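**Q** One structure is given below, represented as structure tokens, and several questions about it will come after.
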Amino acid sequence: MTTLIAWINRAVWFGTVIMFGSTGEIITERSGNLNLGVPGIMFLGGFAGFAGAYYYENGTSDPSAALIILIAMLCGMAAAALGGLIYSFLTITLRANQNVTGLALTIFGAGIANFFGVQVLNGGTSVKASTSHAVFATPIPVLSGLGAIGQIFFSYGFMVYLAVIIALVTNYFIYRTRKGLNLRAVGESPATADSVGINVTRYKYAATCIGAAITGLGGVYYVMDYGYGTWSTANSIEGLGWLAVALVIFATWKPVNIIWGAYVFGTFFWLYNYLPSLLGITLPNYLVQLTQMIPYVVTILVLIYISAKQKHESQGPAALGQSYFREDR
Amino acid sequence: MAELSAEKTREPFIRIARRTGIHWYQSWGVRVVAVFLALVVNALFIHGVTGLNPVEVYRIMWTGTFESKYNFLTTLRDMSILYCVALALTPAFRMRFWNIGGEGQVLMGALASALLMIYGDQLPNGLLLPLMILCSAAFGAVWAFIPAWFKAKWNTNETLFTLMMNYVAINIVNALTNIWRGAKSSLGTLNTQTKAGWWPKFLGYRFMPFLLIVAALAILIKIYIHRSKHGYELSVLGDSPNTARYAGINVKKVILRTMILSGALCGLAGFGIVSGVDMTISSGTARGYGFTAIIVAWLAHLEPEYMALISFLLIFLDKGAAQITSAYSVLNDYASQVITAIILFFILGSEFFVNYRLVFRRRYPGMPAPASAAASAGVQTTDADRKEGARS
């Protein structure tokens, strides 16, 4: 039972990182921008959030929890949104190719985060912001003490619940509001959207930058809670970033599917660690890598399935990956 | 709708118009200015963060690469691998098939070579090496064929499919190296005693034959895309799938054929790494070149000769950054990623100024700004149109 609970906890922690990443990427992709810079944006968000919290924590004698949260989240979101802004300017205003710009942004984000990361590390291999981690990992009081139920549902830091709320709000926004309808129109057919007076450029900019900010929160959560408030030279943000891109497909571009999809990915990712002891068997080491492959394989199967079914609504925005040139229509 | 009518109809301050007929010296001028600006931004970055003299930093990058024979040759060696992957992606990109899976295809090719080195080390090199080439190409081709088949059959999104295939390949390689290395922490160099599957040295270097193969490949690809029927079909398909269908081109066949070629050449790059450079395999064998090559191919407009230039530039930056890292303790390896990315951003952005020009709003003396509805709707207007609008 304790193993099962530990597995669920792991899956939720892991899933939360990619839930932020995917929710942000869905908003971006709904505007027709396929941003392959997700890993870079998560790097930017994660590092800026960590650096903000770390310097605040060490700069004052009595750091306040509210300020730690505020500083970490604002720094993370601002840095990530700046990454999104670079992508937007290049692809929307300067009409550069989206795939190439996204990959360059991934190099940039990883480079900036690790470059300044080494300065923060100052010769060591890892630095810890202990107080900040404690703030981010504080479980819900009282409820988390309710035995197994408390462990499974209420033992997480606030960002786990925030991720679910953001995904739900995004779902509501995309499907139930006027602006969400406009955003979908921009992603499906920018020329049509333009002709009815929707400002395509403004929507694309806003969706990409806001999406990037949310993606950046995934980085903040990765460092501050999932990674125990530690910044180190060897971190796996990049792999998680690509999983977030995969999850967008797995969820067929619907934010509500992200919520369970993220936990399913988390369950698969940590399967090797918990399933053998649950079943009382020992697995050879190499199976670890093969089980970590499952989320990607499942995503490929989903991709094949939705294309074979020819279901329009689960294929993703029709204009995804294409820049919009008004005079080309 | 209310928004639209409330908006004042006036000519925007800056308009964008497509350029027609740009001279080669203009387009290259734009690119050179872009790289120069990127170097200025990088200089500001270096100086702002570390306080170093950026000119001195650039000088060390330059001399580090060009004044040391060893460094220059390793630059050439790594460039040849990156160049090979970029060449491999070219046919696919020309038909606008986004093969983001170069990394996985290179890895699968490398895996085939490593398999043969481990299980075929009794074979003579004369037999083993050709076998490695064939199997590497085949493994890479299969890895590319899978997404291509689904693209041809159901129009499955190839960008995302090939992207996912990379991670499947990485995990397969991880699992297999895990088996082979046993209790050791890494696989280590393969066949150090027998040198089975090691490419023979040529002109004193083991990577030299591969470099020559890649040079020949560049010429072949250039001919293939510009002077062959296949190449023509690729261009038509890339410009418009409907035109291709109308012209009687078998689109599915072209997609499959091209991706098999693309994957096979990626696999060949994997062979080059395993048998000529690393003599071992890990999940990092492809060095991220599968991704970098996408940028190289695209920035070079899919022309092999420019790809050579850009892949050299990127490897030079990478190696140069290693030089400055060893020279200055305040800089670290990751500086190269930042410098590279900033240069990439500038080159990517510069293409806009090659393809479009900015038209600023003109002031007509004694006249208010012309209220041309056409101009505010962004429709391209000539000067004559505009004058007419102002007259009426």
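Chain labels run A, B, ... following the order of the structure tokens; each chain numbers its residues from 1, and ligands are numbered from 1 in the order shown.
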Would you list the contacts of Leu313 in chain B as a PyMOL selection string, taking every protein, DNA or RNA residue within 10 Å and counting only C-alpha atoms, but skipping same-chain residues closer than 3 positions in sequence?
**A** chain B and resi 75+79+296+307-310+316-319+340+343
**Q** Only C-alpha atoms, please: the residues just picked out, written as a tab-separated table (two decimals), in the first residue's frame.
**A**
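Resulting contents of result.tsv:
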```tsv
chain	number	residue	atom	x	y	z
B	75	THR	CA	36.38	21.12	-36.23
B	79	MET	CA	31.49	19.52	-39.19
B	296	VAL	CA	21.62	24.17	-40.82
B	307	MET	CA	25.06	24.10	-45.67
B	308	ALA	CA	28.82	23.48	-45.61
B	309	LEU	CA	29.33	27.11	-44.65
B	310	ILE	CA	26.70	27.13	-41.91
B	316	PHE	CA	33.41	26.67	-35.12
B	317	LEU	CA	31.31	28.52	-32.54
B	318	ASP	CA	31.01	25.38	-30.46
B	319	LYS	CA	34.73	24.63	-30.52
B	340	THR	CA	25.05	30.04	-31.17
B	343	ILE	CA	23.44	34.07	-34.05
```
**Q** Any idea what's packed within 12 Å of range 124-141 of chain A, counting only C-alpha atoms, ignoring anything in its chain fewer than 6 positions away? Could you give it as number ranges by chain?
**A** A: 13, 47, 49-73, 114, 117-118, 150-162, 220-235
**Q** Counting only C-alpha atoms, which residues of chain A sit at most 6 Å from some atom of chain B, and what is each one's closest atom pair with its distance in Å to one decimal, listed by chain and rising residue number, as a tab-separated table?
**A**
```
residue	atom	partner	partner_atom	distance
A:Leu90	CA	B:Gly349	CA	5.8
A:Leu94	CA	B:Phe352	CA	5.3
A:Ala96	CA	B:Leu348	CA	5.9
A:Val100	CA	B:Ile295	CA	5.5
A:Ala104	CA	B:Ala341	CA	5.7
A:Phe108	CA	B:Ala341	CA	5.0
A:Gly111	CA	B:Gln337	CA	4.8
A:Ile112	CA	B:Val338	CA	5.9
A:Phe115	CA	B:Tyr334	CA	5.0
A:Tyr286	CA	B:Ala175	CA	4.6
A:Gln289	CA	B:Ala175	CA	5.3
A:Met293	CA	B:Val168	CA	5.6
A:Tyr296	CA	B:Met164	CA	5.7
A:Ser307	CA	B:Thr156	CA	5.3
A:Ala308	CA	B:Trp154	CA	5.5
```
**Q** Take the residues that were just selected and, keeping N, CA and C atoms, output them as a PDB file, in the first residue's frame.
**A**
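Final output, out.pdb:
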```pdb
ATOM      1  N   LEU A  90      10.022  36.485 -34.017  1.00  0.00           N
ATOM      2  CA  LEU A  90      10.659  35.867 -35.180  1.00  0.00           C
ATOM      3  C   LEU A  90       9.644  35.208 -36.108  1.00  0.00           C
ATOM      4  N   LEU A  94       8.526  38.529 -38.139  1.00  0.00           N
ATOM      5  CA  LEU A  94       9.560  38.326 -39.163  1.00  0.00           C
ATOM      6  C   LEU A  94       9.322  37.049 -39.977  1.00  0.00           C
ATOM      7  N   ALA A  96       9.680  33.900 -39.678  1.00  0.00           N
ATOM      8  CA  ALA A  96      10.675  32.833 -39.765  1.00  0.00           C
ATOM      9  C   ALA A  96       9.978  31.489 -39.612  1.00  0.00           C
ATOM     10  N   VAL A 100      12.200  25.649 -36.984  1.00  0.00           N
ATOM     11  CA  VAL A 100      13.592  26.026 -36.802  1.00  0.00           C
ATOM     12  C   VAL A 100      13.731  27.021 -35.660  1.00  0.00           C
ATOM     13  N   ALA A 104      15.843  26.531 -32.181  1.00  0.00           N
ATOM     14  CA  ALA A 104      16.849  27.508 -31.767  1.00  0.00           C
ATOM     15  C   ALA A 104      16.530  28.032 -30.368  1.00  0.00           C
ATOM     16  N   PHE A 108      18.731  28.099 -26.994  1.00  0.00           N
ATOM     17  CA  PHE A 108      18.912  29.359 -26.275  1.00  0.00           C
ATOM     18  C   PHE A 108      18.530  29.215 -24.796  1.00  0.00           C
ATOM     19  N   GLY A 111      20.850  27.024 -22.936  1.00  0.00           N
ATOM     20  CA  GLY A 111      22.133  27.708 -22.819  1.00  0.00           C
ATOM     21  C   GLY A 111      22.110  28.777 -21.746  1.00  0.00           C
ATOM     22  N   ILE A 112      21.102  29.646 -21.790  1.00  0.00           N
ATOM     23  CA  ILE A 112      21.007  30.744 -20.820  1.00  0.00           C
ATOM     24  C   ILE A 112      20.887  30.182 -19.404  1.00  0.00           C
ATOM     25  N   PHE A 115      24.132  28.487 -18.406  1.00  0.00           N
ATOM     26  CA  PHE A 115      25.233  29.441 -18.307  1.00  0.00           C
ATOM     27  C   PHE A 115      25.164  30.194 -16.987  1.00  0.00           C
ATOM     28  N   TYR A 286      17.835  -2.985 -17.686  1.00  0.00           N
ATOM     29  CA  TYR A 286      17.595  -2.383 -18.993  1.00  0.00           C
ATOM     30  C   TYR A 286      16.112  -2.167 -19.265  1.00  0.00           C
ATOM     31  N   GLN A 289      14.755   1.545 -19.096  1.00  0.00           N
ATOM     32  CA  GLN A 289      14.738   2.405 -20.275  1.00  0.00           C
ATOM     33  C   GLN A 289      13.567   2.064 -21.191  1.00  0.00           C
ATOM     34  N   MET A 293      10.112   4.490 -22.345  1.00  0.00           N
ATOM     35  CA  MET A 293       9.793   4.736 -23.740  1.00  0.00           C
ATOM     36  C   MET A 293       8.273   4.760 -23.954  1.00  0.00           C
ATOM     37  N   TYR A 296       6.166   7.859 -25.128  1.00  0.00           N
ATOM     38  CA  TYR A 296       6.400   8.265 -26.514  1.00  0.00           C
ATOM     39  C   TYR A 296       5.697   7.324 -27.487  1.00  0.00           C
ATOM     40  N   SER A 307      -5.169  10.245 -36.959  1.00  0.00           N
ATOM     41  CA  SER A 307      -5.067  10.518 -38.396  1.00  0.00           C
ATOM     42  C   SER A 307      -5.816   9.461 -39.198  1.00  0.00           C
ATOM     43  N   ALA A 308      -5.822   8.217 -38.696  1.00  0.00           N
ATOM     44  CA  ALA A 308      -6.522   7.155 -39.414  1.00  0.00           C
ATOM     45  C   ALA A 308      -8.031   7.349 -39.334  1.00  0.00           C
TER      46      ALA A 308
END
```
**Q** So that I can check the surroundings of range 116-124 of chain B, please list as a VMD selection string every protein, DNA and RNA residue that reaches within 10 Å of it, counting only C-alpha atoms and ignoring chain neighbours fewer than 5 positions away.
**A** chain B and resid 111 129 131 to 132 135 to 136 180 190 to 191 194 to 198 274 to 275 279 to 280
**Q** Only C-alpha atoms, please: the residues just picked out, written as a CSV table (one decimal), in the first residue's frame.
**A**
```csv
chain,number,residue,atom,x,y,z
B,111,LEU,CA,23.2,1.2,-33.2
B,129,LEU,CA,33.0,-2.4,-42.6
B,131,LEU,CA,28.3,-4.7,-43.7
B,132,MET,CA,28.3,-1.9,-41.1
B,135,CYS,CA,23.1,-2.1,-41.9
B,136,SER,CA,23.5,1.4,-40.6
B,180,TRP,CA,26.3,-4.5,-22.9
B,190,LEU,CA,34.7,-1.1,-28.4
B,191,ASN,CA,37.2,-3.6,-29.8
B,194,THR,CA,41.2,-6.2,-32.4
B,195,LYS,CA,40.2,-2.8,-33.9
B,196,ALA,CA,37.4,-4.7,-35.6
B,197,GLY,CA,34.9,-2.2,-37.2
B,198,TRP,CA,37.4,0.7,-36.8
B,274,VAL,CA,30.7,4.9,-34.4
B,275,SER,CA,33.5,3.6,-36.7
B,279,MET,CA,34.3,3.7,-31.5
B,280,THR,CA,31.5,3.2,-29.0
```
**Q** Report the residues of range 40-134 of chain A whose backbone DSSP state falls under alpha helix (DSSP H), written as a ChimeraX atom specification.
**A** /A:40-59,65-88,98-121,130-134
**Q** Excluding range 265-274 of chain A and its own-chain neighbours fewer than 4 positions away, which residues fall within 8 Å of it when counting only C-alpha atoms? Please give them as a count of residues only.
**A** 18
**Q** Using only C-alpha atoms, I'd like a table of the residues in range 4-53 of chain A that come within 12 Å of range 196-200 of chain A; for each, show the closest atom pair and its distance in Å rounded to one decimal, ordered by chain and ascending number, as CSV.
**A**
```
residue,atom,partner,partner_atom,distance
A:Ser31,CA,A:Val200,CA,8.6
A:Gly32,CA,A:Val200,CA,10.2
A:Asn33,CA,A:Val200,CA,11.7
```
**Q** Please save C-alpha atoms of the selected residues as a PDB file, in the first residue's frame.
**A**
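File produced: out.pdb:
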```pdb
ATOM      1  CA  SER A  31      -3.123  30.024 -32.327  1.00  0.00           C
ATOM      2  CA  GLY A  32      -1.391  27.974 -35.027  1.00  0.00           C
ATOM      3  CA  ASN A  33       2.112  28.319 -33.585  1.00  0.00           C
TER       4      ASN A  33
END
```
**Q** Could you tell me how far CA of Leu211 in chain B sits from CA of Gly188 in chain B, in Å to one decimal place?
**A**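 That distance, rounded to one decimal, is 24.2 Å.
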**Q** Quote the spacing between CA of Arg326 in chain A and CA of Arg178 in chain A in Å to one decimal place.
**A**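 Separating CA of Arg326 in chain A from CA of Arg178 in chain A is a distance of 23.0 Å.
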**Q** Just how far from CA of Ala251 in chain A is CA of Gln315 in chain A, in Å to one decimal?
**A**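 A separation of 10.4 Å between them.
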**Q** Tell me which protein, DNA and RNA residues are within 9 Å of range 318-322 of chain A, counting only C-alpha atoms, leaving out same-chain ones fewer than 2 positions away, and put them as a PyMOL selection string.
**A** chain A and resi 29-35+97-99+186-190+312+315-316+324
**Q** How about saving the chosen residues, N, CA and C atoms kept, as a compact mmCIF listing (two decimals), in the first residue's frame?
**A**
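Writing done, so here's result.txt:
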```
# COMPACT_ATOMS: atom_id res chain seq x y z
N GLU A 29 -0.38 26.44 -29.43
CA GLU A 29 -0.69 25.72 -30.67
C GLU A 29 -2.08 26.06 -31.19
N ARG A 30 -2.98 26.41 -30.28
CA ARG A 30 -4.32 26.79 -30.72
C ARG A 30 -4.29 28.03 -31.60
N SER A 31 -3.24 28.85 -31.46
CA SER A 31 -3.12 30.02 -32.33
C SER A 31 -2.39 29.68 -33.62
N GLY A 32 -2.06 28.40 -33.79
CA GLY A 32 -1.39 27.97 -35.03
C GLY A 32 0.12 27.98 -34.93
N ASN A 33 0.66 28.32 -33.75
CA ASN A 33 2.11 28.32 -33.59
C ASN A 33 2.57 27.01 -32.95
N LEU A 34 3.32 26.21 -33.70
CA LEU A 34 3.88 24.99 -33.14
C LEU A 34 5.23 25.35 -32.54
N ASN A 35 5.23 25.59 -31.24
CA ASN A 35 6.46 26.05 -30.59
C ASN A 35 7.26 24.86 -30.08
N ASN A 97 10.64 30.44 -40.05
CA ASN A 97 10.07 29.10 -39.94
C ASN A 97 9.88 28.70 -38.48
N GLN A 98 8.70 28.15 -38.16
CA GLN A 98 8.38 27.87 -36.76
C GLN A 98 9.22 26.74 -36.16
N ASN A 99 9.39 25.66 -36.92
CA ASN A 99 10.15 24.53 -36.38
C ASN A 99 11.57 24.95 -36.04
N VAL A 186 -8.31 31.52 -35.28
CA VAL A 186 -6.98 31.92 -35.76
C VAL A 186 -6.14 30.68 -36.06
N GLY A 187 -6.25 29.66 -35.20
CA GLY A 187 -5.45 28.45 -35.41
C GLY A 187 -5.95 27.61 -36.56
N GLU A 188 -7.27 27.63 -36.79
CA GLU A 188 -7.82 26.80 -37.86
C GLU A 188 -7.61 27.46 -39.22
N SER A 189 -7.96 28.74 -39.30
CA SER A 189 -7.86 29.43 -40.58
C SER A 189 -7.64 30.91 -40.35
N PRO A 190 -6.39 31.32 -40.26
CA PRO A 190 -6.11 32.73 -39.95
C PRO A 190 -6.72 33.68 -40.97
N HIS A 312 -11.76 15.29 -37.52
CA HIS A 312 -11.20 16.62 -37.68
C HIS A 312 -10.90 17.28 -36.34
N GLN A 315 -7.53 16.41 -34.56
CA GLN A 315 -6.30 16.43 -35.34
C GLN A 315 -5.42 17.62 -35.04
N GLY A 316 -5.87 18.49 -34.17
CA GLY A 316 -5.08 19.69 -33.92
C GLY A 316 -5.47 20.79 -34.89
N TYR A 324 1.36 33.05 -41.05
CA TYR A 324 0.26 33.67 -41.79
C TYR A 324 0.75 34.94 -42.46
```
**Q** Out of B:Met61, B:Leu187, B:Val32, B:Ala86, which residue has the shortest atom-to-atom distance to Ala300 in chain B when counting only C-alpha atoms?
**A**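 Among the listed residues, B:Ala86 lies closest to Ala300 in chain B.
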**Q** Pick the closest to Gly104 in chain B from B:Val251, B:Leu37, B:Val55, B:Ala141: which is it, counting only C-alpha atoms?
**A**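 Counting only C-alpha atoms, the residue closest to Gly104 in chain B is B:Ala141.
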**Q** Show me, as a ChimeraX atom specification, the residues that have an atom within 6 Å of range 20-22 of chain A when counting only C-alpha atoms, minus same-chain residues fewer than 4 positions from it.
**A** /A:26,163,214-215,218,244,248
